[in-house]
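Written below as C-alpha cells is the structure these notes are about.
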Amino acid sequence: MIKPLLEVEDLSVTFKTPHRMVKAVRDISFTVGKEKVGIVGESGSGKSATGRAILKLTPGNGIVSAKRMQFEEVDLADATEEDMLAVRGKRIGMILQDPKFSLDPVMRVGDQIAEALPPGLSKAEARERVLEMLESVRIRNPQRVYSLYPHECSGGMGQRIMIAMMLVPEPKLLIADEPTSALDVTVRMQVLAILDDLVSRRGLGLMFISHDLNLVATFCDRVLIMYAGRIVEECKASELRQATHPYTQGLLASLPRIGERQKKLATLVRDPAWAL
Amino acid sequence: MTTAVESEKGGLAGYLTAEVSRSPTQASLQRLYFGCRRFAQNPLAMIGFTILMVLLLIAIFAPWIAPYPMNEQNLQTRLLPPSGDHFFGTDELGRDIFSRVVYGSRITLQITTLVAVIAAPIGLIMGTTSGYFGGWTDTILMRITDIFLSFPPLILALGFVAALGPGIRNAVIAIALTVWPPIARLARAETLTVRSSDYIAAIRAQGAPAWRIVVKHVMPMCLSSVIIRITLNMAGIILTAAALGFLGLGAQPPMPEWGAMLSTGRQYLLGSWFLAASPGLAILVVSLAFNLFGDGLRDVLDPRDE
Amino acid sequence: MIEVENLTVRFGKGKAAVTAVDGVSFKVNTGEAFGLVGESGCGKTTILRALAGLNEDWSGLVRIDGKQLMPHRERAFYKLVQIVFQDPYGSLHPRFTVNGTLMEPIKIHGLDRADERIDRVLRQVGLGPSFRFRYPHQLSGGQRQRVAIARALILEPKLMLLDEPTSALDVSVQAEILNLLTDIRDSTGLTFLLVSHDLAVVSHMCDRLAVMNQGQIYEELTVEDLVQRRYKNDYTRQLFEASLGYDRRLGAGGTALEDASA
C-alpha cells in the first residue's frame, strides 16, 4: 500500500461572523496520493476553504481544527507557523484563480520566478534555472517572456508563469484553486495539458478545486464532491456517471450538454437531509 | 392582505423586523431601522451621537438652562474664577461664562447646519453632473472647483468675509463656499465609479433620460460618502467659524460665539485661564463628537468588512 | 427580426483605436434563438451593447423588426429591445427595491396599471409577490437574475438580448434560469440573441449560432450541424472539442505552445 502524500482526517473550518458561527467545512476526511484529485462543489460548499485550511491560509476569523493532516512526515494540524513556512510554497505549492492578483505588478516576471529559487545561486545560474522552468511550461520564447511585466502577459501565460513559479522549489503536492476558471476555453485546455504533463512526469500529487464538474471529471483521476461543508461523494473520475448520491446525480443531470436535445434541464431539488 | 407575518411579533417591532416587506415604506423603514441598530452597536459612535443630542437640547432649552442672561454685564463681578454661583466663572465684563457658552451652542449649531445644508447640495450637483457627463462639462466644472480648492480654506473664508462684511450670515456663506469643492470632487469620483456599472447600463438600456439617471440612480450612491464627509468636516467648520470669530470677522460682539469668546479669553490667559478654557473645551468636545458620529455613520453607510 | 450588415465598432481614436467588431453581418429570424459564441474579447458583447443602445459609436446598417436603427435612438426603440446582463450582483441598483427597479421603466415610458404589470412579470419569472419589496442584497444570485429578467420583460419587448446570463451562477441555479428562459420563449414568442462562451449552453438554448473571434464571424451554423460536427472552421472545432472537457492526449504532447501575449 503506497502511503498517500496527504491524509486529512476530520477537518473542520468554522468562521466567526458578528451574528453567528458559520461552519464552512464539517469533519471531512480524504487522502491525496500521486494522482490528480478533484474537489468539486458549488459556491458555499467549502471547497476553497478546504484548500486554504491545509496550508493554514484561512483568513483571520476562521478556526481550523483537524484530527490529523498528515503531509509526509509533518502533521499540519499541529504545525506551528514556523513549521508551515518550511512547507508552504516549498513542499506544497498553491495556484490561485487569477494570476493578476498573484503576481507582483511592478516586478518582471522572470525576477519573480527567480525569487522562488533557493539562495546562493549566481545571477547567471538563477537565470538559467528560470529559463528552464519557463520552457517546461511550454513557453516558446523564454528569453522574451523573462523580461515581461505581468500586465503584458495574457491570462493563459500568467497562469503558466504561476505554475512555473510554483514548481521551482520542487514541491511534492500542488493545490490549485480554480486555476483555469478565469481563462478562455481554448487556453484552458493548454494550461491543463501543461499541468497534466508536469504532474505525471514529476510524480506530484494535485488537488484540483473547481466548480466545473465536467472539467474535473475529464481531467482528474478521482473526484470528491462537496456540499454544505461535507464530502457527499467520492469516486473515480471515470465512474462519475454511476455516482450514487442524489446531489451528484442532480448536478450531472442539470448540466446542459451538446447533443442532448432536451427541452428542459433537470433541476436540482435540494434535500435538507444532505446538509446534515 | 393578511397580516400572518406581522402577527408573529406584534405591532411596531413586528413591522420593522418582518421577513417580507409589503410596501415601499415598510422596506425603507426596515432599512433605516437596521441601520440604526448597527449604529447603536458602536460605543464610540453612540458617545458622539449622545454629545450631539445634548448639544441640541442645550441649544433648544438655553433660556431655561442658563442661570444668567447672556449679555448681562456686572462690572462688580469681573473675572471671577469658577464657583458655585458662576460654574465657569465670569468674563472681563462680569458676564456669566457658563450662560454664554450655553447660548453660544445655538450659534454653533446654526453655523454648522446652515453650512452643511448649503454646501452639500451644491457639491453633490456639481460633482455628479461633472462625473456623469464628462467631456467639456467635466472640464469646466472641475476647473471652477479647482479655483476654489486652490485657496487654503481659512484664507478663502477670510477673503469672502472681507468682501461681504463681517457677521454670522456672511461667515456662513463664506465657510460654505470653502466646503463644497471637496464634496464636489468626492461626488465626482463616486460618480465615475458608478457610471460604468451594469445597473446604470441597465437603466440606460430602458431609455431613461440623463437627468433621471443622475438624480435618481447616481446621486443616491454618492449620498453616503457625501454625508460622511460633511459630518467629518463639521469639526473643521466649527474651527473655521471659531477662527473667523477669533479674528472678529464672524459673529460680532456681544454675541457669545465660542471662537470670539476664545479670542477675548486669550488676552486674560495668564491671570484668568477660565475665560478661554470653557469655550475652548466646548469647541473640542463638539468637534470630537462630530468626528465620532461621522466615523460611526461611515461604518453603517459604507461597510467594508462584510 | 434582426438584420445586421457590416457592423463596425471602434474604440479609441487614431492610432490607438481598437476595432472590436469588424464588419460583422448576420440575420436573426423572428421567434428564433440565436447564439453568438466566442471567447473573451471577440466582440460578441460589444455587438450586444450596440444593439441595446448602450453604445452609439457604431457604423453599418442595422434593422430591428424592420425599422432601421440609428446610432442615436428614440425612446420607443427601447421598448422593442431589452437586455439581461451577466452579473446578477451588479445589474440591480443596490438602493432600489425590486419594486423600485421594476417601476423605473414603467415611469420612464408612462405605462399604466403599474401594480398589475409588476405582479404579472414577477409571476412570470417565478418570484412571488413577497419578493416585491426586497433589496438586492436580500436576494440570492438566481433570484437577482430572475429580477433582471423581469425587468427586461416588463416593457414587453420583441427582442431579448442576453449577455452570458448564467455564467456567474452555480450549475444548479443555471439550470433553473435556462429553463425559465425556455418557458418565457415558449409563452411569449420572443426572439433571443444569446451571447455566451459556453457552447453547451448555446446548443441547449439556441437554434442557430455564429462563432466569433477577434471581431469577426468565423462561421454561422445551426445547432444541429454543430452537434453532428458538421462545422467547417478550425476555430469552431477547437471550441467544440474544448467544451467536451479535457482530452488526456493533449497532456502527453509536450509541444511548445503559442505565446499569446496581450
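In the C-alpha cells, chains take the letters A, B, ... in the order shown, each chain's residues start at 1, and ligands count up from 1 in the order shown.
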
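Using only C-alpha atoms, the part of chain C that sits within 7 Å of chain B is made up of Ala52, Gly53, Leu54, Arg75, Tyr78, Gln82, Gly90, Ser91, Leu92, His93, Pro105, Ile108, Ser130, Phe133 and Arg134 of chain C.
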
*Any idea what's packed within 12 Å of Ala59 of chain B, counting only C-alpha atoms, ignoring anything in its chain fewer than 4 positions away? Could you give it as a list in words?*
Leu52, Met53, Val54, Leu55, Pro63, Trp64, Ile65, Ala66, Ser99, Arg100, Val101, Val102, Tyr103, Gly104, Ser105, Arg106, Ile107, Thr108, Leu109 and Gln110 of chain B

*Identify which of the residues A:Asn61, A:Ser210, A:Ser43, A:Thr50 lies closest to chain C, counting only C-alpha atoms when measuring atom-to-atom distances.*
A:Ser43

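Taking the backbone of this structure through DSSP, the residues of segment 67-177 of chain C that come out as strand (DSSP E or B) are Lys67, Gln68, Val81, Gln82, Ile83, Val84, Leu159, Met160, Leu161, Leu162 and Asp163 of chain C.
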
Skipping near chain neighbours, those fewer than 6 positions away, what residues fall within 12 Å of segment 64-67 of chain A using only C-alpha atoms, listed as a compact mmCIF listing (two decimals) with N, CA, C and O atoms, in the first residue's frame?
```txt
# COMPACT_ATOMS: atom_id res chain seq x y z
N GLU A 7 -2.90 13.03 4.08
CA GLU A 7 -4.04 12.34 4.69
C GLU A 7 -4.73 13.31 5.61
O GLU A 7 -4.14 13.77 6.58
N VAL A 8 -5.96 13.63 5.29
CA VAL A 8 -6.71 14.57 6.12
C VAL A 8 -7.79 13.81 6.87
O VAL A 8 -8.53 13.03 6.27
N GLU A 9 -7.85 14.04 8.19
CA GLU A 9 -8.84 13.35 8.99
C GLU A 9 -9.64 14.35 9.80
O GLU A 9 -9.08 15.12 10.57
N ASP A 10 -10.95 14.36 9.57
CA ASP A 10 -11.85 15.19 10.38
C ASP A 10 -11.49 16.67 10.37
O ASP A 10 -11.37 17.29 11.42
N LEU A 11 -11.35 17.22 9.20
CA LEU A 11 -11.04 18.65 9.09
C LEU A 11 -12.32 19.46 9.21
O LEU A 11 -13.32 19.16 8.57
N SER A 12 -12.28 20.51 10.02
CA SER A 12 -13.41 21.43 10.12
C SER A 12 -12.91 22.85 10.06
O SER A 12 -11.86 23.17 10.62
N VAL A 13 -13.65 23.70 9.39
CA VAL A 13 -13.32 25.13 9.36
C VAL A 13 -14.58 25.90 9.71
O VAL A 13 -15.61 25.72 9.08
N THR A 14 -14.47 26.70 10.75
CA THR A 14 -15.63 27.48 11.18
C THR A 14 -15.27 28.96 11.14
O THR A 14 -14.18 29.34 11.55
N PHE A 15 -16.16 29.76 10.62
CA PHE A 15 -15.90 31.20 10.55
C PHE A 15 -16.76 31.94 11.56
O PHE A 15 -17.95 31.67 11.68
N LYS A 16 -16.13 32.88 12.25
CA LYS A 16 -16.88 33.69 13.22
C LYS A 16 -17.34 34.96 12.54
O LYS A 16 -16.55 35.79 12.15
N LYS A 23 -20.25 27.19 9.69
CA LYS A 23 -19.41 26.01 9.53
C LYS A 23 -19.17 25.78 8.05
O LYS A 23 -20.01 25.21 7.36
N ALA A 24 -18.04 26.22 7.56
CA ALA A 24 -17.78 26.11 6.13
C ALA A 24 -17.38 24.69 5.75
O ALA A 24 -17.72 24.21 4.66
N VAL A 25 -16.62 24.04 6.61
CA VAL A 25 -16.17 22.67 6.33
C VAL A 25 -16.48 21.86 7.57
O VAL A 25 -16.17 22.29 8.68
N ARG A 26 -17.10 20.69 7.38
CA ARG A 26 -17.55 19.94 8.57
C ARG A 26 -17.01 18.52 8.58
O ARG A 26 -17.55 17.65 7.92
N ASP A 27 -15.96 18.33 9.35
CA ASP A 27 -15.43 16.99 9.63
C ASP A 27 -15.23 16.16 8.37
O ASP A 27 -15.81 15.09 8.22
N ILE A 28 -14.43 16.67 7.45
CA ILE A 28 -14.21 15.86 6.25
C ILE A 28 -12.88 15.12 6.34
O ILE A 28 -11.95 15.57 6.99
N SER A 29 -12.83 14.00 5.68
CA SER A 29 -11.60 13.21 5.63
C SER A 29 -11.35 12.75 4.21
O SER A 29 -12.29 12.33 3.52
N PHE A 30 -10.11 12.85 3.77
CA PHE A 30 -9.78 12.37 2.42
C PHE A 30 -8.28 12.23 2.32
O PHE A 30 -7.53 12.65 3.19
N ALA A 49 -12.28 26.71 1.09
CA ALA A 49 -11.88 26.76 2.50
C ALA A 49 -11.01 25.56 2.84
O ALA A 49 -10.06 25.66 3.62
N THR A 50 -11.33 24.41 2.23
CA THR A 50 -10.53 23.20 2.48
C THR A 50 -9.11 23.40 2.01
O THR A 50 -8.15 23.14 2.74
N GLY A 51 -8.96 23.88 0.76
CA GLY A 51 -7.62 24.07 0.20
C GLY A 51 -6.79 25.00 1.07
O GLY A 51 -5.63 24.74 1.36
N ARG A 52 -7.42 26.10 1.50
CA ARG A 52 -6.67 27.04 2.32
C ARG A 52 -6.36 26.51 3.70
O ARG A 52 -5.33 26.82 4.29
N ALA A 53 -7.26 25.72 4.23
CA ALA A 53 -7.05 25.21 5.58
C ALA A 53 -5.83 24.31 5.64
O ALA A 53 -5.08 24.31 6.62
N ILE A 54 -5.60 23.58 4.57
CA ILE A 54 -4.46 22.66 4.58
C ILE A 54 -3.16 23.44 4.70
O ILE A 54 -2.23 23.03 5.39
N LEU A 55 -3.11 24.59 4.03
CA LEU A 55 -1.89 25.39 4.11
C LEU A 55 -1.96 26.44 5.19
O LEU A 55 -1.13 27.34 5.25
N LYS A 56 -2.96 26.33 6.04
CA LYS A 56 -3.14 27.28 7.13
C LYS A 56 -3.19 28.71 6.60
O LYS A 56 -2.57 29.63 7.12
N LEU A 57 -3.92 28.89 5.52
CA LEU A 57 -4.07 30.22 4.95
C LEU A 57 -5.48 30.74 5.13
O LEU A 57 -5.93 31.62 4.43
N THR A 58 -6.20 30.15 6.09
CA THR A 58 -7.57 30.58 6.34
C THR A 58 -7.56 32.00 6.89
O THR A 58 -6.71 32.33 7.71
N ASP A 75 2.69 16.65 10.56
CA ASP A 75 1.25 16.73 10.80
C ASP A 75 0.87 18.21 10.76
O ASP A 75 1.12 18.94 11.71
N LEU A 76 0.27 18.64 9.67
CA LEU A 76 -0.04 20.05 9.50
C LEU A 76 -1.02 20.56 10.55
O LEU A 76 -1.06 21.74 10.86
N ALA A 77 -1.80 19.66 11.08
CA ALA A 77 -2.80 20.09 12.06
C ALA A 77 -2.14 20.69 13.29
O ALA A 77 -2.61 21.67 13.85
N ASP A 78 -1.00 20.11 13.69
CA ASP A 78 -0.31 20.61 14.88
C ASP A 78 0.80 21.59 14.55
O ASP A 78 1.44 22.13 15.44
N ALA A 79 1.08 21.77 13.26
CA ALA A 79 2.28 22.52 12.90
C ALA A 79 2.21 23.95 13.37
O ALA A 79 1.16 24.59 13.33
```

*Excluding Asn291 of chain B and any residue of its chain fewer than 4 positions from it, enumerate the residues within 8 Å of it, using only C-alpha atoms, and give them as a ChimeraX atom specification.*
/B:48,231-232,234-235,287,295

Would you mind exporting N, CA, C and O atoms of the selected residues as an mmCIF file, in the first residue's frame?
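After the write, out.cif holds the following:
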```
data_model
loop_
_atom_site.group_PDB
_atom_site.id
_atom_site.type_symbol
_atom_site.label_atom_id
_atom_site.label_comp_id
_atom_site.auth_asym_id
_atom_site.auth_seq_id
_atom_site.Cartn_x
_atom_site.Cartn_y
_atom_site.Cartn_z
ATOM 1 N N GLY B 48 -20.504 59.916 20.540
ATOM 2 C CA GLY B 48 -20.562 61.091 19.682
ATOM 3 C C GLY B 48 -21.998 61.561 19.497
ATOM 4 O O GLY B 48 -22.319 62.745 19.632
ATOM 5 N N THR B 231 -20.068 65.305 7.676
ATOM 6 C CA THR B 231 -20.045 65.133 9.131
ATOM 7 C C THR B 231 -18.623 65.236 9.657
ATOM 8 O O THR B 231 -18.359 65.891 10.667
ATOM 9 N N LEU B 232 -17.704 64.575 8.950
ATOM 10 C CA LEU B 232 -16.329 64.649 9.415
ATOM 11 C C LEU B 232 -15.761 66.047 9.221
ATOM 12 O O LEU B 232 -14.805 66.438 9.876
ATOM 13 N N MET B 234 -17.418 68.732 9.886
ATOM 14 C CA MET B 234 -18.044 69.628 10.853
ATOM 15 C C MET B 234 -17.031 70.222 11.800
ATOM 16 O O MET B 234 -17.076 71.412 12.111
ATOM 17 N N ALA B 235 -16.127 69.366 12.244
ATOM 18 C CA ALA B 235 -15.096 69.872 13.159
ATOM 19 C C ALA B 235 -14.374 71.035 12.507
ATOM 20 O O ALA B 235 -14.158 72.080 13.122
ATOM 21 N N SER B 287 -16.401 69.123 18.337
ATOM 22 C CA SER B 287 -15.677 68.631 17.158
ATOM 23 C C SER B 287 -15.454 67.137 17.267
ATOM 24 O O SER B 287 -15.650 66.383 16.308
ATOM 25 N N ASP B 295 -17.617 58.821 12.000
ATOM 26 C CA ASP B 295 -16.996 57.506 11.883
ATOM 27 C C ASP B 295 -18.038 56.408 11.969
ATOM 28 O O ASP B 295 -18.041 55.462 11.191
#
```

Each chain A residue no farther than 7 Å from chain C, nearest pair in Å, only C-alpha atoms, as a Markdown table:
```
| residue | atom | partner | partner_atom | distance |
| --- | --- | --- | --- | --- |
| A:Glu42 | CA | C:Asp170 | CA | 5.9 |
| A:Ser43 | CA | C:Asp170 | CA | 6.8 |
| A:Arg138 | CA | C:Ala256 | CA | 4.4 |
| A:Ile139 | CA | C:Ala256 | CA | 6.1 |
| A:Arg140 | CA | C:Ala256 | CA | 5.6 |
| A:Glu152 | CA | C:Ala262 | CA | 5.6 |
| A:Cys153 | CA | C:Ser261 | CA | 5.1 |
| A:Ser154 | CA | C:Ser261 | CA | 5.0 |
| A:Asp184 | CA | C:Glu39 | CA | 5.8 |
| A:Val185 | CA | C:Ala242 | CA | 6.3 |
| A:Thr186 | CA | C:Ala242 | CA | 6.1 |
| A:Met189 | CA | C:Tyr246 | CA | 6.4 |
| A:Ala193 | CA | C:Gly251 | CA | 4.0 |
| A:Ile194 | CA | C:Gly251 | CA | 6.2 |
| A:Asp196 | CA | C:Gly251 | CA | 5.4 |
| A:Asp197 | CA | C:Gly251 | CA | 5.0 |
| A:Asn214 | CA | C:Gly245 | CA | 6.1 |
| A:Leu215 | CA | C:Gly245 | CA | 5.1 |
| A:Thr218 | CA | C:Tyr246 | CA | 5.2 |
| A:Phe219 | CA | C:Tyr246 | CA | 5.4 |
| A:Leu251 | CA | C:Ser172 | CA | 6.4 |
| A:Ser254 | CA | C:Ala175 | CA | 5.7 |
| A:Leu255 | CA | C:Val171 | CA | 6.8 |
| A:Pro256 | CA | C:Ala200 | CA | 5.6 |
| A:Arg257 | CA | C:Ala200 | CA | 5.0 |
| A:Ile258 | CA | C:Ala200 | CA | 5.0 |
| A:Gly259 | CA | C:Val227 | CA | 5.3 |
| A:Arg261 | CA | C:His204 | CA | 6.5 |
| A:Lys264 | CA | C:Asn179 | CA | 5.5 |
| A:Leu265 | CA | C:Ala175 | CA | 5.8 |
| A:Thr267 | CA | C:Ala175 | CA | 5.9 |
| A:Leu268 | CA | C:Ser172 | CA | 5.9 |
```

Would you save the residues from that selection as a JSON list (two decimals), in the first residue's frame, using N, CA and C atoms?
```json
[["chain", "number", "residue", "atom", "x", "y", "z"],
["A", 42, "GLU", "N", -20.35, 23.65, -5.44],
["A", 42, "GLU", "CA", -20.87, 24.95, -5.84],
["A", 42, "GLU", "C", -20.40, 25.99, -4.83],
["A", 43, "SER", "N", -20.85, 27.22, -4.99],
["A", 43, "SER", "CA", -20.39, 28.23, -4.04],
["A", 43, "SER", "C", -20.96, 27.91, -2.68],
["A", 138, "ARG", "N", 6.08, 25.13, -21.40],
["A", 138, "ARG", "CA", 5.82, 25.25, -22.84],
["A", 138, "ARG", "C", 5.72, 26.69, -23.31],
["A", 139, "ILE", "N", 6.54, 27.55, -22.77],
["A", 139, "ILE", "CA", 6.59, 28.92, -23.29],
["A", 139, "ILE", "C", 7.67, 28.93, -24.35],
["A", 140, "ARG", "N", 7.26, 29.38, -25.54],
["A", 140, "ARG", "CA", 8.15, 29.20, -26.68],
["A", 140, "ARG", "C", 9.34, 30.12, -26.67],
["A", 152, "GLU", "N", 1.67, 42.67, -19.12],
["A", 152, "GLU", "CA", 1.94, 42.43, -20.54],
["A", 152, "GLU", "C", 1.66, 40.99, -20.93],
["A", 153, "CYS", "N", 1.28, 40.19, -19.96],
["A", 153, "CYS", "CA", 1.04, 38.77, -20.25],
["A", 153, "CYS", "C", -0.46, 38.50, -20.31],
["A", 154, "SER", "N", -0.84, 37.61, -21.17],
["A", 154, "SER", "CA", -2.24, 37.22, -21.24],
["A", 154, "SER", "C", -2.55, 36.32, -20.04],
["A", 184, "ASP", "N", -9.88, 31.68, -20.99],
["A", 184, "ASP", "CA", -10.70, 31.31, -22.13],
["A", 184, "ASP", "C", -10.64, 29.80, -22.33],
["A", 185, "VAL", "N", -11.66, 29.30, -22.97],
["A", 185, "VAL", "CA", -11.82, 27.85, -23.08],
["A", 185, "VAL", "C", -10.67, 27.17, -23.81],
["A", 186, "THR", "N", -10.16, 27.77, -24.87],
["A", 186, "THR", "CA", -9.08, 27.10, -25.60],
["A", 186, "THR", "C", -7.77, 27.18, -24.82],
["A", 189, "MET", "N", -7.48, 24.57, -21.98],
["A", 189, "MET", "CA", -7.02, 23.23, -22.33],
["A", 189, "MET", "C", -5.51, 23.16, -22.37],
["A", 193, "ALA", "N", -3.16, 20.93, -20.00],
["A", 193, "ALA", "CA", -2.24, 19.96, -20.58],
["A", 193, "ALA", "C", -0.87, 20.07, -19.91],
["A", 194, "ILE", "N", -0.46, 21.30, -19.67],
["A", 194, "ILE", "CA", 0.84, 21.50, -19.01],
["A", 194, "ILE", "C", 0.82, 20.92, -17.60],
["A", 196, "ASP", "N", -1.08, 18.61, -16.46],
["A", 196, "ASP", "CA", -1.17, 17.16, -16.56],
["A", 196, "ASP", "C", 0.21, 16.55, -16.78],
["A", 197, "ASP", "N", 0.91, 17.10, -17.75],
["A", 197, "ASP", "CA", 2.23, 16.62, -18.12],
["A", 197, "ASP", "C", 3.19, 16.72, -16.94],
["A", 214, "ASN", "N", -17.73, 18.96, -15.18],
["A", 214, "ASN", "CA", -17.32, 18.30, -16.42],
["A", 214, "ASN", "C", -15.80, 18.34, -16.57],
["A", 215, "LEU", "N", -15.21, 19.48, -16.27],
["A", 215, "LEU", "CA", -13.78, 19.63, -16.40],
["A", 215, "LEU", "C", -13.04, 18.68, -15.46],
["A", 218, "THR", "N", -13.18, 15.03, -16.47],
["A", 218, "THR", "CA", -12.34, 14.60, -17.58],
["A", 218, "THR", "C", -10.85, 14.77, -17.28],
["A", 219, "PHE", "N", -10.52, 15.66, -16.35],
["A", 219, "PHE", "CA", -9.10, 15.93, -16.10],
["A", 219, "PHE", "C", -8.52, 15.08, -14.97],
["A", 251, "LEU", "N", -26.69, 17.15, -9.98],
["A", 251, "LEU", "CA", -25.76, 18.05, -10.65],
["A", 251, "LEU", "C", -25.49, 17.58, -12.08],
["A", 254, "SER", "N", -28.36, 18.26, -14.35],
["A", 254, "SER", "CA", -28.73, 19.64, -14.65],
["A", 254, "SER", "C", -27.73, 20.33, -15.57],
["A", 255, "LEU", "N", -26.67, 19.65, -15.97],
["A", 255, "LEU", "CA", -25.71, 20.27, -16.87],
["A", 255, "LEU", "C", -26.21, 20.19, -18.30],
["A", 256, "PRO", "N", -26.18, 21.32, -19.01],
["A", 256, "PRO", "CA", -26.55, 21.22, -20.43],
["A", 256, "PRO", "C", -25.41, 20.53, -21.18],
["A", 257, "ARG", "N", -25.74, 19.69, -22.11],
["A", 257, "ARG", "CA", -24.69, 19.02, -22.87],
["A", 257, "ARG", "C", -24.94, 19.16, -24.35],
["A", 258, "ILE", "N", -23.87, 19.31, -25.08],
["A", 258, "ILE", "CA", -24.02, 19.38, -26.54],
["A", 258, "ILE", "C", -24.49, 18.02, -27.01],
["A", 259, "GLY", "N", -25.55, 18.03, -27.80],
["A", 259, "GLY", "CA", -26.01, 16.76, -28.35],
["A", 259, "GLY", "C", -27.24, 16.23, -27.64],
["A", 261, "ARG", "N", -30.54, 16.98, -26.81],
["A", 261, "ARG", "CA", -31.54, 17.99, -27.09],
["A", 261, "ARG", "C", -32.78, 17.81, -26.23],
["A", 264, "LYS", "N", -36.08, 20.88, -21.46],
["A", 264, "LYS", "CA", -35.79, 21.48, -20.17],
["A", 264, "LYS", "C", -34.73, 20.66, -19.47],
["A", 265, "LEU", "N", -33.90, 21.36, -18.71],
["A", 265, "LEU", "CA", -32.88, 20.68, -17.94],
["A", 265, "LEU", "C", -33.48, 20.21, -16.62],
["A", 267, "THR", "N", -33.80, 20.06, -12.90],
["A", 267, "THR", "CA", -33.31, 20.96, -11.87],
["A", 267, "THR", "C", -33.09, 20.20, -10.58],
["A", 268, "LEU", "N", -32.18, 20.73, -9.82],
["A", 268, "LEU", "CA", -31.78, 20.08, -8.58],
["A", 268, "LEU", "C", -32.79, 20.42, -7.49]]
```

*Could you give me, as a ChimeraX atom specification, each residue of segment 134-201 of chain C that DSSP assigns to helix (DSSP H, G or I) when run on this structure's backbone?*
/C:136-138,141-153,171-188,199-201

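The environment of Phe88 of chain B within 9 Å, counting only C-alpha atoms and disregarding residues fewer than 5 places along the same chain, consists of Leu80, Pro81, Pro82, Ser83, Asp96, Ile97, Phe98, Ser99, Phe274, Leu275, Ala277 and Ser278 of chain B.
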
_Set the distance at 7 Å and use only C-alpha atoms: which residues neighbour Ala114 of chain A once local chain neighbours fewer than 4 positions away are removed? I'd like the list as a count of residues only._
3

*Leaving out segment 187-190 of chain C and any residue of its chain fewer than 5 positions from it, which residues lie within 12 Å of it when counting only C-alpha atoms, given as a ChimeraX atom specification?*
/C:1,28-34,65,80-82,121,124-125,152-153,156-161,180-182

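With atom CA of Ser25 of chain C on one side and atom CA of Ile217 of chain C on the other, the separation reads 7.9 Å.
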